[in-house]
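Below: work-v2.cif (mmCIF, C-alpha atoms)
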```cif
data_upload
loop_
_atom_site.label_atom_id
_atom_site.label_comp_id
_atom_site.auth_asym_id
_atom_site.auth_seq_id
_atom_site.Cartn_x
_atom_site.Cartn_y
_atom_site.Cartn_z
CA MET A 1 96.85 127.30 102.60
CA PRO A 2 95.18 125.21 99.90
CA THR A 3 96.58 125.76 96.44
CA SER A 4 94.60 125.86 93.23
CA PRO A 5 95.89 123.95 90.22
CA THR A 6 97.17 125.90 87.26
CA GLY A 7 95.65 125.45 83.83
CA VAL A 8 98.46 123.13 82.83
CA GLU A 9 97.95 121.03 85.96
CA ILE A 10 94.21 120.81 85.31
CA GLN A 11 94.85 119.63 81.78
CA ALA A 12 97.32 117.04 83.06
CA LEU A 13 94.77 115.84 85.62
CA TYR A 14 92.14 115.57 82.92
CA GLU A 15 94.36 113.63 80.57
CA ARG A 16 95.46 111.30 83.32
CA TYR A 17 92.14 110.64 85.04
CA GLY A 18 89.41 111.87 82.69
CA ARG A 19 88.93 108.55 80.98
CA ALA A 20 88.67 106.69 84.29
CA ILE A 21 85.97 109.10 85.41
CA TYR A 22 84.11 108.97 82.11
CA ARG A 23 84.16 105.17 81.90
CA ARG A 24 82.64 104.83 85.33
CA CYS A 25 80.02 107.50 84.65
CA ASN A 26 79.08 105.67 81.48
CA TYR A 27 78.89 102.37 83.35
CA PHE A 28 76.36 103.78 85.79
CA LEU A 29 74.39 106.13 83.56
CA ARG A 30 74.43 104.24 80.24
CA ASN A 31 74.11 107.48 78.31
CA GLU A 32 77.07 109.25 76.75
CA ALA A 33 75.71 112.78 77.13
CA GLN A 34 74.76 112.21 80.76
CA ALA A 35 78.09 110.52 81.37
CA GLU A 36 79.93 113.53 79.98
CA ASP A 37 77.92 115.89 82.16
CA ALA A 38 78.59 113.73 85.19
CA MET A 39 82.27 113.54 84.35
CA HIS A 40 82.31 117.29 84.17
CA ASP A 41 80.74 117.60 87.62
CA VAL A 42 83.13 115.07 89.08
CA PHE A 43 86.15 116.72 87.55
CA VAL A 44 85.12 120.09 88.96
CA LYS A 45 84.95 118.45 92.38
CA VAL A 46 88.41 117.00 91.84
CA VAL A 47 89.80 120.41 90.87
CA GLU A 48 88.08 122.15 93.76
CA SER A 49 89.54 119.59 96.18
CA TYR A 50 92.96 119.73 94.61
CA HIS A 51 94.73 120.27 97.93
CA THR A 52 93.13 117.06 99.22
CA PHE A 53 93.96 115.29 96.00
CA GLN A 54 97.64 116.15 96.30
CA GLY A 55 97.86 114.31 99.62
CA GLN A 56 96.42 111.04 98.34
CA ALA A 57 98.53 107.91 98.29
CA SER A 58 96.49 106.77 95.29
CA PRO A 59 94.93 109.71 93.47
CA LEU A 60 93.14 107.32 91.10
CA THR A 61 91.41 105.54 93.98
CA TRP A 62 90.33 108.90 95.33
CA VAL A 63 89.00 110.00 91.95
CA VAL A 64 87.15 106.71 91.49
CA ARG A 65 85.57 107.07 94.92
CA ILE A 66 84.28 110.57 94.11
CA THR A 67 82.94 109.33 90.78
CA THR A 68 81.17 106.33 92.24
CA ASN A 69 79.57 108.40 94.99
CA HIS A 70 78.48 111.04 92.53
CA CYS A 71 76.89 108.56 90.14
CA LEU A 72 75.17 106.54 92.85
CA ASN A 73 73.73 109.76 94.24
CA LEU A 74 72.59 110.76 90.77
CA LEU A 75 70.86 107.44 90.26
CA ARG A 76 69.33 107.65 93.71
CA SER A 77 67.97 111.11 92.95
CA GLN A 78 66.23 109.74 89.86
CA ARG A 79 64.95 106.68 91.55
CA ALA A 80 62.23 105.95 89.01
CA GLY A 81 64.76 106.02 86.17
CA TRP A 82 67.06 103.72 88.09
CA ARG A 83 64.30 101.23 88.78
CA GLN A 84 63.02 101.31 85.24
CA ARG A 85 66.50 100.78 83.87
CA PHE A 86 67.21 97.78 86.04
CA GLU A 87 63.78 96.28 85.59
CA SER A 88 64.32 96.41 81.87
CA SER A 89 67.65 94.66 82.37
CA SER A 90 65.85 92.02 84.42
CA ARG A 91 63.21 91.57 81.74
CA VAL A 92 65.92 90.79 79.27
CA LEU A 93 66.96 87.99 81.57
CA ASP A 94 63.43 86.61 81.82
CA GLY A 95 63.14 83.57 79.64
CA ALA A 96 66.84 83.51 78.99
CA ARG A 97 68.67 80.21 78.98
CA PRO A 98 69.78 79.03 82.43
CA SER A 99 73.35 79.64 81.42
CA ALA A 100 72.61 83.28 80.61
CA PHE A 101 74.01 84.55 83.89
CA ALA A 102 77.24 82.73 83.42
CA GLU A 103 77.69 84.34 80.05
CA MET A 104 76.98 87.84 81.26
CA GLU A 105 79.86 90.15 81.91
CA ARG A 106 80.38 90.35 85.61
CA GLN A 107 80.08 94.11 85.46
CA GLU A 108 76.64 93.85 83.89
CA LEU A 109 75.54 91.31 86.43
CA VAL A 110 76.52 93.65 89.24
CA ARG A 111 74.62 96.48 87.59
CA VAL A 112 71.44 94.42 87.45
CA VAL A 113 71.53 93.84 91.17
CA LEU A 114 72.85 97.16 92.43
CA ASP A 115 69.52 98.72 93.33
CA LYS A 116 68.69 95.78 95.59
CA VAL A 117 71.28 96.75 98.17
CA ASP A 118 72.11 99.81 100.23
CA LYS A 119 74.71 102.38 99.29
CA GLY A 120 77.59 101.04 101.37
CA VAL A 121 77.15 97.61 99.82
CA GLN A 122 76.78 99.12 96.36
CA GLN A 123 80.09 100.91 96.69
CA ALA A 124 81.85 97.81 97.95
CA ALA A 125 80.46 95.72 95.08
CA VAL A 126 81.43 98.26 92.44
CA TYR A 127 84.96 98.72 93.75
CA TYR A 128 85.62 95.02 94.09
CA PHE A 129 83.66 93.35 91.28
CA VAL A 130 83.55 96.12 88.68
CA ASP A 131 86.67 98.18 89.23
CA GLU A 132 88.58 95.07 90.29
CA MET A 133 90.28 96.77 93.17
CA SER A 134 92.05 94.53 95.65
CA GLN A 135 90.25 94.14 98.96
CA GLN A 136 92.71 96.49 100.58
CA GLU A 137 92.22 99.12 97.87
CA ALA A 138 88.45 98.79 98.09
CA ALA A 139 88.56 99.04 101.87
CA ASP A 140 90.74 102.14 101.60
CA ALA A 141 88.34 103.68 99.11
CA LEU A 142 85.43 102.94 101.42
CA GLY A 143 87.27 104.11 104.50
CA CYS A 144 86.58 100.85 106.30
CA SER A 145 88.53 97.78 107.40
CA VAL A 146 89.03 94.78 105.13
CA PRO A 147 86.77 92.58 107.33
CA THR A 148 84.01 95.18 107.03
CA LEU A 149 84.48 95.22 103.28
CA ARG A 150 84.21 91.43 103.16
CA LYS A 151 81.04 91.57 105.17
CA ARG A 152 79.53 93.99 102.67
CA LEU A 153 80.65 91.89 99.74
CA ARG A 154 79.09 88.78 101.24
CA SER A 155 75.90 90.73 101.76
CA PHE A 156 75.98 91.76 98.13
CA VAL A 157 76.56 88.21 96.89
CA LYS A 158 73.67 86.97 99.00
CA SER A 159 71.31 89.65 97.65
CA ALA A 160 72.49 89.07 94.11
CA ARG A 161 71.86 85.34 94.29
CA LYS A 162 68.43 85.85 95.77
CA HIS A 163 67.48 88.28 93.04
CA LEU A 164 68.90 86.24 90.20
CA GLN A 165 67.23 83.10 91.50
CA SER A 166 63.91 84.92 91.50
CA ILE A 167 64.46 85.40 87.77
CA ASP A 168 65.87 81.99 87.06
CA PRO A 169 65.08 79.41 89.79
CA ASP A 170 67.47 76.94 88.16
CA ALA A 171 70.44 79.26 88.27
CA VAL A 172 73.49 77.64 89.76
CA PHE A 173 76.15 79.76 91.37
CA GLY A 174 79.79 79.03 91.83
CA GLU A 175 81.67 79.80 94.97
CA VAL A 176 82.62 83.43 95.49
CA ARG A 177 85.39 83.84 98.01
CA VAL A 178 85.24 87.16 99.74
CA MET B 179 101.97 93.16 94.95
CA SER B 180 101.79 89.54 93.89
CA THR B 181 103.06 88.61 90.46
CA SER B 182 101.80 85.04 90.55
CA LEU B 183 98.40 86.09 89.24
CA HIS B 184 97.39 88.32 86.38
CA LEU B 185 97.20 92.01 87.10
CA ARG B 186 93.81 93.28 88.16
CA ARG B 187 92.07 95.76 85.92
CA PHE B 188 92.43 98.45 88.56
CA THR B 189 96.14 97.74 88.93
CA LEU B 190 96.52 98.20 85.18
CA GLU B 191 94.64 101.47 85.39
CA ARG B 192 96.88 102.64 88.18
CA TYR B 193 99.91 101.49 86.23
CA ALA B 194 98.79 103.45 83.15
CA ALA B 195 98.17 106.54 85.29
CA ARG B 196 101.53 106.07 87.10
CA ASP B 197 99.52 105.96 90.26
CA LEU B 198 101.22 102.94 91.82
CA PRO B 199 104.00 103.27 94.39
CA GLU B 200 107.36 103.03 92.64
CA ASP B 201 108.04 99.45 93.79
CA ASP B 202 104.65 98.27 92.60
CA GLN B 203 105.07 100.15 89.36
CA GLN B 204 108.27 98.21 88.69
CA THR B 205 106.72 94.93 89.74
CA ALA B 206 103.82 95.51 87.38
CA ALA B 207 106.23 96.41 84.59
CA ALA B 208 108.13 93.18 85.17
CA HIS B 209 104.92 91.16 85.09
CA LEU B 210 103.84 92.86 81.90
CA GLU B 211 107.10 91.91 80.25
CA SER B 212 106.40 88.25 80.82
CA CYS B 213 102.62 88.10 80.45
CA GLY B 214 101.05 88.51 77.04
CA LEU B 215 97.49 88.46 78.41
CA CYS B 216 98.13 91.41 80.70
CA ARG B 217 100.00 93.21 77.93
CA ASP B 218 96.96 92.78 75.71
CA LYS B 219 94.71 94.14 78.45
CA LEU B 220 97.02 97.09 78.88
CA SER B 221 96.97 97.74 75.13
CA VAL B 222 93.18 97.79 75.18
CA LEU B 223 93.25 100.17 78.14
CA LEU B 224 95.74 102.51 76.47
CA GLY B 225 93.61 102.43 73.32
CA ASP B 226 90.58 103.39 75.43
CA ILE B 227 92.50 106.30 76.91
CA GLN B 228 93.54 107.50 73.49
CA ALA B 229 89.98 107.17 72.16
CA PHE B 230 88.67 109.12 75.14
CA GLN B 231 91.11 111.94 74.53
CA GLN B 232 89.91 112.15 70.95
CA GLN B 233 86.26 111.78 71.81
CA VAL B 234 86.18 114.20 74.74
CA PRO B 235 89.35 116.26 74.39
CA TYR B 236 90.41 118.58 77.14
CA GLN B 237 89.58 121.64 75.07
CA ARG B 238 85.98 120.50 74.82
CA PHE B 239 85.81 120.02 78.56
CA ARG B 240 87.46 123.39 79.12
CA VAL B 241 85.01 125.22 76.87
CA ALA B 242 82.04 123.52 78.51
CA HIS B 243 83.44 124.38 81.91
CA GLU B 244 83.92 128.03 81.03
CA ARG B 245 80.36 128.17 79.73
CA ARG B 246 79.00 126.73 82.92
CA LYS B 247 80.91 129.32 84.92
CA GLN B 248 79.43 132.23 82.96
CA PRO B 249 76.75 134.11 84.87
CA ILE B 250 73.39 134.23 83.13
CA ARG B 251 73.35 137.33 80.97
CA ARG B 252 70.32 138.97 79.54
CA PRO B 253 70.44 139.50 75.81
CA ARG B 254 71.13 143.01 74.66
CA TRP B 255 67.59 143.84 73.73
CA SER B 256 68.48 147.18 72.16
CA LEU B 257 70.61 145.39 69.60
CA TRP B 258 68.23 142.54 69.07
CA LEU B 259 65.31 144.89 68.57
CA THR B 260 67.05 146.86 65.82
CA GLY B 261 65.31 145.97 62.58
CA LEU B 262 62.41 144.40 64.40
CA THR B 263 60.15 144.92 61.39
CA ALA B 264 61.85 141.98 59.76
CA VAL B 265 61.35 139.70 62.72
CA THR B 266 60.15 136.27 61.69
CA ALA B 267 58.71 133.41 63.63
CA THR B 268 62.16 131.85 63.66
CA SER B 269 63.84 134.83 65.22
CA LEU B 270 61.04 135.15 67.74
CA ALA B 271 61.74 131.59 68.75
CA LEU B 272 65.39 132.54 69.12
CA VAL B 273 64.55 135.41 71.44
CA LEU B 274 62.53 133.02 73.54
CA ILE B 275 65.33 130.50 73.64
CA VAL B 276 68.20 132.82 74.45
CA PRO B 277 67.40 133.59 78.12
CA THR B 278 67.22 129.92 79.06
CA GLU B 279 70.47 129.00 77.32
CA PRO B 280 72.72 132.05 77.45
CA PRO B 281 75.44 132.23 74.83
CA ALA B 282 79.09 132.29 75.71
CA PRO B 283 80.42 135.84 75.69
CA THR B 284 82.10 135.54 72.32
CA GLU B 285 79.03 134.44 70.46
CA ARG B 286 76.81 136.13 67.97
CA LEU B 287 73.76 134.10 67.25
CA LYS B 288 71.50 133.80 64.32
CA GLY B 289 69.52 130.62 63.96
CA ALA B 290 68.54 127.73 66.11
CA GLY B 291 71.16 127.52 68.82
CA VAL B 292 74.31 127.84 66.74
CA ALA B 293 77.31 129.45 68.39
CA LEU B 294 80.95 130.27 67.85
CA GLY B 295 83.45 130.52 70.67
CA VAL B 296 86.83 132.25 70.34
CA LEU B 297 89.52 131.28 72.80
CA LEU B 298 93.07 132.51 73.16
CA LEU B 299 95.73 129.86 73.58
CA GLN B 300 98.45 131.30 75.77
CA ASP B 301 101.01 129.52 77.94
CA GLY B 302 99.20 126.25 77.40
CA ARG B 303 95.91 127.65 78.67
CA LEU B 304 92.74 128.50 76.83
CA GLN B 305 91.06 131.75 77.71
CA PRO B 306 87.62 132.67 76.36
CA LEU B 307 87.62 136.05 74.67
CA GLN B 308 84.99 138.74 74.85
CA PRO B 309 83.82 140.24 71.54
CA GLY B 310 86.43 142.68 70.34
CA ALA B 311 89.09 141.54 72.79
CA GLU B 312 92.60 142.69 72.02
CA VAL B 313 95.04 139.93 71.20
CA PRO B 314 98.61 139.94 69.90
CA ALA B 315 98.60 140.12 66.12
CA ASP B 316 100.38 136.77 66.00
CA ALA B 317 98.23 135.14 68.68
CA THR B 318 97.04 131.55 68.49
CA LEU B 319 93.30 131.04 68.78
CA GLN B 320 91.08 128.02 69.20
CA LEU B 321 87.59 128.30 67.82
CA THR B 322 84.68 126.20 68.99
CA TYR B 323 81.18 125.72 67.68
CA THR B 324 77.70 124.64 68.64
CA GLY B 325 75.91 123.26 65.63
CA GLY B 326 72.27 123.60 66.68
CA GLY B 327 71.46 120.22 65.18
CA LEU B 328 72.47 121.31 61.68
CA GLY B 329 74.45 119.19 59.29
CA SER B 330 77.35 121.24 57.97
CA VAL B 331 79.69 124.05 58.88
CA ALA B 332 82.28 126.36 57.35
CA LEU B 333 84.51 128.93 59.02
CA ILE B 334 85.37 132.16 57.23
CA GLY B 335 87.52 135.05 58.42
CA ILE B 336 87.66 138.65 57.23
CA ASP B 337 90.45 140.93 58.36
CA SER B 338 90.76 144.70 58.43
CA GLU B 339 92.56 144.74 55.10
CA GLY B 340 89.60 143.08 53.43
CA ALA B 341 91.18 139.67 53.04
CA VAL B 342 88.69 136.80 53.11
CA THR B 343 90.08 133.51 54.35
CA THR B 344 88.30 130.17 54.37
CA TYR B 345 89.70 128.52 57.46
CA TYR B 346 87.52 125.44 57.42
CA PRO B 347 87.22 123.14 55.66
CA GLU B 348 90.59 123.10 54.01
CA SER B 349 89.13 122.18 50.63
CA GLU B 350 87.52 125.68 50.51
CA THR B 351 85.01 124.44 47.94
CA ALA B 352 82.25 122.89 50.06
CA SER B 353 81.18 123.05 53.67
CA ALA B 354 82.14 120.19 55.95
CA PRO B 355 79.77 117.78 57.66
CA LEU B 356 79.39 118.48 61.35
CA PRO B 357 80.77 115.64 63.41
CA ALA B 358 78.49 113.83 65.82
CA GLY B 359 78.02 115.47 69.15
CA ASP B 360 76.97 118.88 67.84
CA ARG B 361 79.50 120.79 69.93
CA GLY B 362 83.21 120.75 69.56
CA ALA B 363 86.37 122.56 68.64
CA PHE B 364 87.42 123.17 65.07
CA PRO B 365 90.18 120.66 64.34
CA PHE B 366 93.03 123.14 64.34
CA SER B 367 94.36 126.07 66.27
CA LEU B 368 94.63 129.27 64.35
CA THR B 369 97.78 131.39 64.41
CA LEU B 370 97.00 134.89 63.24
CA ASP B 371 99.01 136.41 60.42
CA GLY B 372 100.49 139.38 62.25
CA VAL B 373 98.31 141.96 60.46
CA SER B 374 96.99 144.47 63.00
CA GLY B 375 93.32 145.42 63.16
CA ILE B 376 90.01 143.66 63.43
CA GLU B 377 89.47 140.10 62.31
CA ARG B 378 86.01 138.66 62.40
CA PHE B 379 85.20 134.97 62.14
CA TYR B 380 81.94 133.62 60.79
CA ALA B 381 80.77 130.08 61.41
CA VAL B 382 78.15 129.36 58.80
CA PHE B 383 75.92 126.35 59.33
CA ALA B 384 73.44 124.69 57.01
CA ALA B 385 71.25 121.63 57.03
CA GLN B 386 73.43 119.86 54.51
CA VAL B 387 76.87 120.06 53.00
CA GLY B 388 76.86 122.50 50.11
CA PRO B 389 79.11 124.67 47.94
CA LEU B 390 81.03 127.42 49.71
CA ALA B 391 80.98 129.91 46.85
CA PRO B 392 77.81 131.75 48.03
CA VAL B 393 79.30 132.10 51.51
CA GLN B 394 82.62 133.34 50.18
CA ASP B 395 80.84 135.84 47.91
CA ALA B 396 78.85 137.14 50.85
CA ALA B 397 82.06 137.48 52.87
CA ARG B 398 83.69 139.50 50.07
CA LYS B 399 80.72 141.88 50.07
CA VAL B 400 81.13 142.44 53.79
CA ALA B 401 84.87 142.87 53.36
CA THR B 402 84.39 145.70 50.88
CA ARG B 403 81.96 147.49 53.19
CA GLY B 404 84.33 147.43 56.16
CA ARG B 405 83.05 148.15 59.70
CA LEU B 406 83.81 144.63 60.77
CA ASP B 407 83.06 145.50 64.37
CA ARG B 408 79.39 145.76 63.40
CA ALA B 409 79.21 143.20 60.63
CA THR B 410 77.73 140.42 62.71
CA GLU B 411 76.22 138.59 59.76
CA LEU B 412 77.01 137.71 56.22
CA PRO B 413 74.26 138.57 53.71
CA LEU B 414 73.02 135.04 53.16
CA PRO B 415 69.58 133.45 52.74
CA ALA B 416 67.72 132.34 55.86
CA SER B 417 68.57 128.71 55.14
CA TYR B 418 72.03 129.49 56.51
CA HIS B 419 72.56 129.91 60.23
CA GLN B 420 75.43 132.02 61.46
CA ALA B 421 77.46 132.84 64.51
CA SER B 422 80.40 135.18 64.58
CA GLY B 423 83.07 136.48 66.90
CA TRP B 424 85.83 139.02 66.51
CA VAL B 425 89.14 140.13 67.91
CA VAL B 426 91.31 143.20 67.58
CA LYS B 427 94.85 142.23 66.65
CA VAL B 428 97.46 144.58 68.01
CA SER B 429 101.20 144.57 67.58
CA PRO B 430 102.96 143.15 70.66
CA SER B 431 104.19 146.55 71.81
CA MET B 432 100.61 147.80 71.94
CA THR B 433 99.12 144.75 73.64
CA GLN B 434 97.63 145.61 76.99
CA GLN B 435 98.02 143.39 79.98
CA GLY B 436 95.29 140.78 79.72
CA ASN B 437 92.53 141.04 77.17
CA GLY B 438 90.42 144.11 77.26
CA PRO B 439 86.68 144.12 77.08
CA GLY B 440 84.87 144.32 73.79
CA VAL B 441 84.31 147.73 72.29
CA GLU B 442 80.65 147.12 71.53
#
```
Could you rewrite the structure in this file as structure tokens?
Amino acid sequence: MPTSPTGVEIQALYERYGRAIYRRCNYFLRNEAQAEDAMHDVFVKVVESYHTFQGQASPLTWVVRITTNHCLNLLRSQRAGWRQRFESSSRVLDGARPSAFAEMERQELVRVVLDKVDKGVQQAAVYYFVDEMSQQEAADALGCSVPTLRKRLRSFVKSARKHLQSIDPDAVFGEVRV
Amino acid sequence: MSTSLHLRRFTLERYAARDLPEDDQQTAAAHLESCGLCRDKLSVLLGDIQAFQQQVPYQRFRVAHERRKQPIRRPRWSLWLTGLTAVTATSLALVLIVPTEPPAPTERLKGAGVALGVLLLQDGRLQPLQPGAEVPADATLQLTYTGGGLGSVALIGIDSEGAVTTYYPESETASAPLPAGDRGAFPFSLTLDGVSGIERFYAVFAAQVGPLAPVQDAARKVATRGRLDRATELPLPASYHQASGWVVKVSPSMTQQGNGPGVE
């Protein structure tokens, strides 16, 4: 029978994983109040699924997966806000020096392109390029094989290059091995 | 896990959370011993974790969570309507606001969205208390506030023996600026003094930091009148906004199992 965590266990979970959840919520939502609300929702899900959580080989990977899904769904449900946010990011890039992309944090670059791809590819890109999971960890988080993960990552890179080149036709990209 | 390359960010996160398998944990530790760059990254990560725990402490999460779990309660109109002749536009606005944002059960509200929460700290857990809940006379409480966008706060207590205590700020001479974020826990837990009877807490908010003397004087007036169970407000000008909560302190031998409902 599933067990519920005690108050002490919940506090320990929060102190161990709260920051990881919050950081990711903030990455997606770019608003501290919304990130805190989202973290709250995610943490409730974690607590409610505590029996599942206990069986995880990597609880952090499991928590990150729940967080990423939650935030992507949130952004999807406010599609206009998502689009507006990323278009404004793109506008910042308009007229930027050709080297601007190279100087951008990789995480930011991924964010700019996220809404150009479908959810499975989004998740793969976030796990691998933003969270810096290994391919095996990212595949585990996605519940797919490593070759499938690579396929999604290549799809993401292709979409990202296409989009960035539409902003800066002279952009030059290095090799990305995935 | 390869040690020929630097540790990935996620590996460092797993390392910090002790989430790696034991072998990998040791491998990462060995790498960290020899790699200054990864040690620096880990330091930054640990600093982030510490900052998070200060910025969004567990108690804040816990209070927010308990509030979300509360069923929507209708305000007690009979109480709110007492003294209706003095109703102002401000208090009308409050009545309109209350149903959409119900207060936590320990709150008494006066003013634009200010609130005071009283929680019992017991066995490492925080438990929200109903108004008038019985607690051991030496219990430890955590008090929380919602500032309603105001700029300063002070916390005053009055016990059944008429003692007025300024709990916050420690200087006792002027109110304290409200930290950013508007909601939070007072920066201390409060261990009661063992005196049985009612103790009521008043969180008094104002637009700006100001002297505490008027608030302390008002508290002394209430203390001399007694009837703390009904003294929801301090006699202060409308520029102050107040929220209060109260507990009944009982000696351990009289403490009932759990915390009884309020006597209101």
Decode the PyMOL selection byres ((chain A) within 9 of (chain B)) for the given file into explicit residues and return them as a list in words.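 Checking the PyMOL selection byres ((chain A) within 9 of (chain B)) against this file, the residues are Thr6, Gly7, Val8, Gln11, Tyr14, Glu15, Arg16, Tyr17, Gly18, Arg19, Ala20, Tyr22, Ala33, Glu36, His40, Val44, Ala57, Ser58, Pro59, Leu60, Thr61, Val130, Asp131, Glu132, Met133 and Ser134 of chain A.
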Emit the selected residues as a PDB file, keeping the file's coordinate frame, including C-alpha atoms.
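What landed in out.pdb:
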```
ATOM      1  CA  THR A   6      97.170 125.900  87.260  1.00  0.00           C
ATOM      2  CA  GLY A   7      95.650 125.450  83.830  1.00  0.00           C
ATOM      3  CA  VAL A   8      98.460 123.130  82.830  1.00  0.00           C
ATOM      4  CA  GLN A  11      94.850 119.630  81.780  1.00  0.00           C
ATOM      5  CA  TYR A  14      92.140 115.570  82.920  1.00  0.00           C
ATOM      6  CA  GLU A  15      94.360 113.630  80.570  1.00  0.00           C
ATOM      7  CA  ARG A  16      95.460 111.300  83.320  1.00  0.00           C
ATOM      8  CA  TYR A  17      92.140 110.640  85.040  1.00  0.00           C
ATOM      9  CA  GLY A  18      89.410 111.870  82.690  1.00  0.00           C
ATOM     10  CA  ARG A  19      88.930 108.550  80.980  1.00  0.00           C
ATOM     11  CA  ALA A  20      88.670 106.690  84.290  1.00  0.00           C
ATOM     12  CA  TYR A  22      84.110 108.970  82.110  1.00  0.00           C
ATOM     13  CA  ALA A  33      75.710 112.780  77.130  1.00  0.00           C
ATOM     14  CA  GLU A  36      79.930 113.530  79.980  1.00  0.00           C
ATOM     15  CA  HIS A  40      82.310 117.290  84.170  1.00  0.00           C
ATOM     16  CA  VAL A  44      85.120 120.090  88.960  1.00  0.00           C
ATOM     17  CA  ALA A  57      98.530 107.910  98.290  1.00  0.00           C
ATOM     18  CA  SER A  58      96.490 106.770  95.290  1.00  0.00           C
ATOM     19  CA  PRO A  59      94.930 109.710  93.470  1.00  0.00           C
ATOM     20  CA  LEU A  60      93.140 107.320  91.100  1.00  0.00           C
ATOM     21  CA  THR A  61      91.410 105.540  93.980  1.00  0.00           C
ATOM     22  CA  VAL A 130      83.550  96.120  88.680  1.00  0.00           C
ATOM     23  CA  ASP A 131      86.670  98.180  89.230  1.00  0.00           C
ATOM     24  CA  GLU A 132      88.580  95.070  90.290  1.00  0.00           C
ATOM     25  CA  MET A 133      90.280  96.770  93.170  1.00  0.00           C
ATOM     26  CA  SER A 134      92.050  94.530  95.650  1.00  0.00           C
TER      27      SER A 134
END
```
Measure the distance from CA of Ser353 (chain B) to CA of Gly388 (chain B) in Å and round it to one decimal.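 If I compute the distance from CA of Ser353 (chain B) to CA of Gly388 (chain B), I get 5.6 Å.
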Tell me which of A:Arg30, A:Leu72, A:Pro5, A:Arg106 sits closest to Phe53 (chain A), counting all atoms listed in the file.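 The answer is A:Pro5, which sits nearest to Phe53 (chain A).
In this structure, CA of Leu109 (chain A) sits 28.7 Å away from CA of Leu210 (chain B).
Minimum atom-to-atom distances from B:Arg408, B:Val313, B:Ala401, B:Thr351 to Ser429 (chain B) were compared using only C-alpha atoms, and the lowest value belongs to B:Val313.
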Could you spell out the hits of the PyMOL selection byres ((chain B and resi 366-371) around 10) on the shown file, as number ranges by chain? B: 297-299, 313-321, 337, 345-346, 363-365, 372-374, 377, 427
For those residues, write C-alpha atoms to a file as a compact mmCIF listing (two decimals), in the coordinates of the input.
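Okay, this is what ended up in part.txt:
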```
# COMPACT_ATOMS: atom_id res chain seq x y z
CA LEU B 297 89.52 131.28 72.80
CA LEU B 298 93.07 132.51 73.16
CA LEU B 299 95.73 129.86 73.58
CA VAL B 313 95.04 139.93 71.20
CA PRO B 314 98.61 139.94 69.90
CA ALA B 315 98.60 140.12 66.12
CA ASP B 316 100.38 136.77 66.00
CA ALA B 317 98.23 135.14 68.68
CA THR B 318 97.04 131.55 68.49
CA LEU B 319 93.30 131.04 68.78
CA GLN B 320 91.08 128.02 69.20
CA LEU B 321 87.59 128.30 67.82
CA ASP B 337 90.45 140.93 58.36
CA TYR B 345 89.70 128.52 57.46
CA TYR B 346 87.52 125.44 57.42
CA ALA B 363 86.37 122.56 68.64
CA PHE B 364 87.42 123.17 65.07
CA PRO B 365 90.18 120.66 64.34
CA GLY B 372 100.49 139.38 62.25
CA VAL B 373 98.31 141.96 60.46
CA SER B 374 96.99 144.47 63.00
CA GLU B 377 89.47 140.10 62.31
CA LYS B 427 94.85 142.23 66.65
```
CA of His184 (chain B) to CA of Glu200 (chain B): how many Å, to one decimal?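 Going from CA of His184 (chain B) over to CA of Glu200 (chain B) covers 18.8 Å.
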Quick check on the file I pasted: which residues fall under the PyMOL selection byres ((chain A and resi 71) around 12)? Write them as a ChimeraX atom specification. /A:21-30,34-42,64-70,72-78,82,119,122-123,126
Using only C-alpha atoms, which residues sit within 10 Å of Pro392 (chain B) once same-chain residues fewer than 3 positions away are excluded, as a ChimeraX atom specification? /B:388-389,395-398,413-415
For each of A:Asp140, A:Thr148, A:Lys116, A:Thr52, take the minimum atom-to-atom distance to Ala160 (chain A), counting all atoms listed in the file, then give the residue where this is smallest. A:Lys116
Selected residue, from A:Ser159, A:Gln135, A:Ser145, A:Ser4, that lies nearest to Val117 (chain A) when counting all atoms listed in the file: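 The answer is A:Ser159, which sits nearest to Val117 (chain A).
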Residue contacts of Ser330 (chain B) (9 Å, only C-alpha atoms) excluding same-chain residues fewer than 6 positions away, as a compact mmCIF listing (two decimals) with C-alpha atoms, in the frame of the given file:
```
# COMPACT_ATOMS: atom_id res chain seq x y z
CA SER B 353 81.18 123.05 53.67
CA ALA B 354 82.14 120.19 55.95
CA PRO B 355 79.77 117.78 57.66
CA LEU B 356 79.39 118.48 61.35
CA PRO B 357 80.77 115.64 63.41
CA VAL B 382 78.15 129.36 58.80
CA PHE B 383 75.92 126.35 59.33
CA ALA B 384 73.44 124.69 57.01
CA ALA B 385 71.25 121.63 57.03
CA GLN B 386 73.43 119.86 54.51
CA VAL B 387 76.87 120.06 53.00
CA GLY B 388 76.86 122.50 50.11
```
Residue nearest Leu153 (chain A) among A:Tyr127, A:Trp62, A:Tyr50, A:Phe43 (counting all atoms listed in the file):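 Residue with the minimum atom-to-atom distance to Leu153 (chain A): A:Tyr127.
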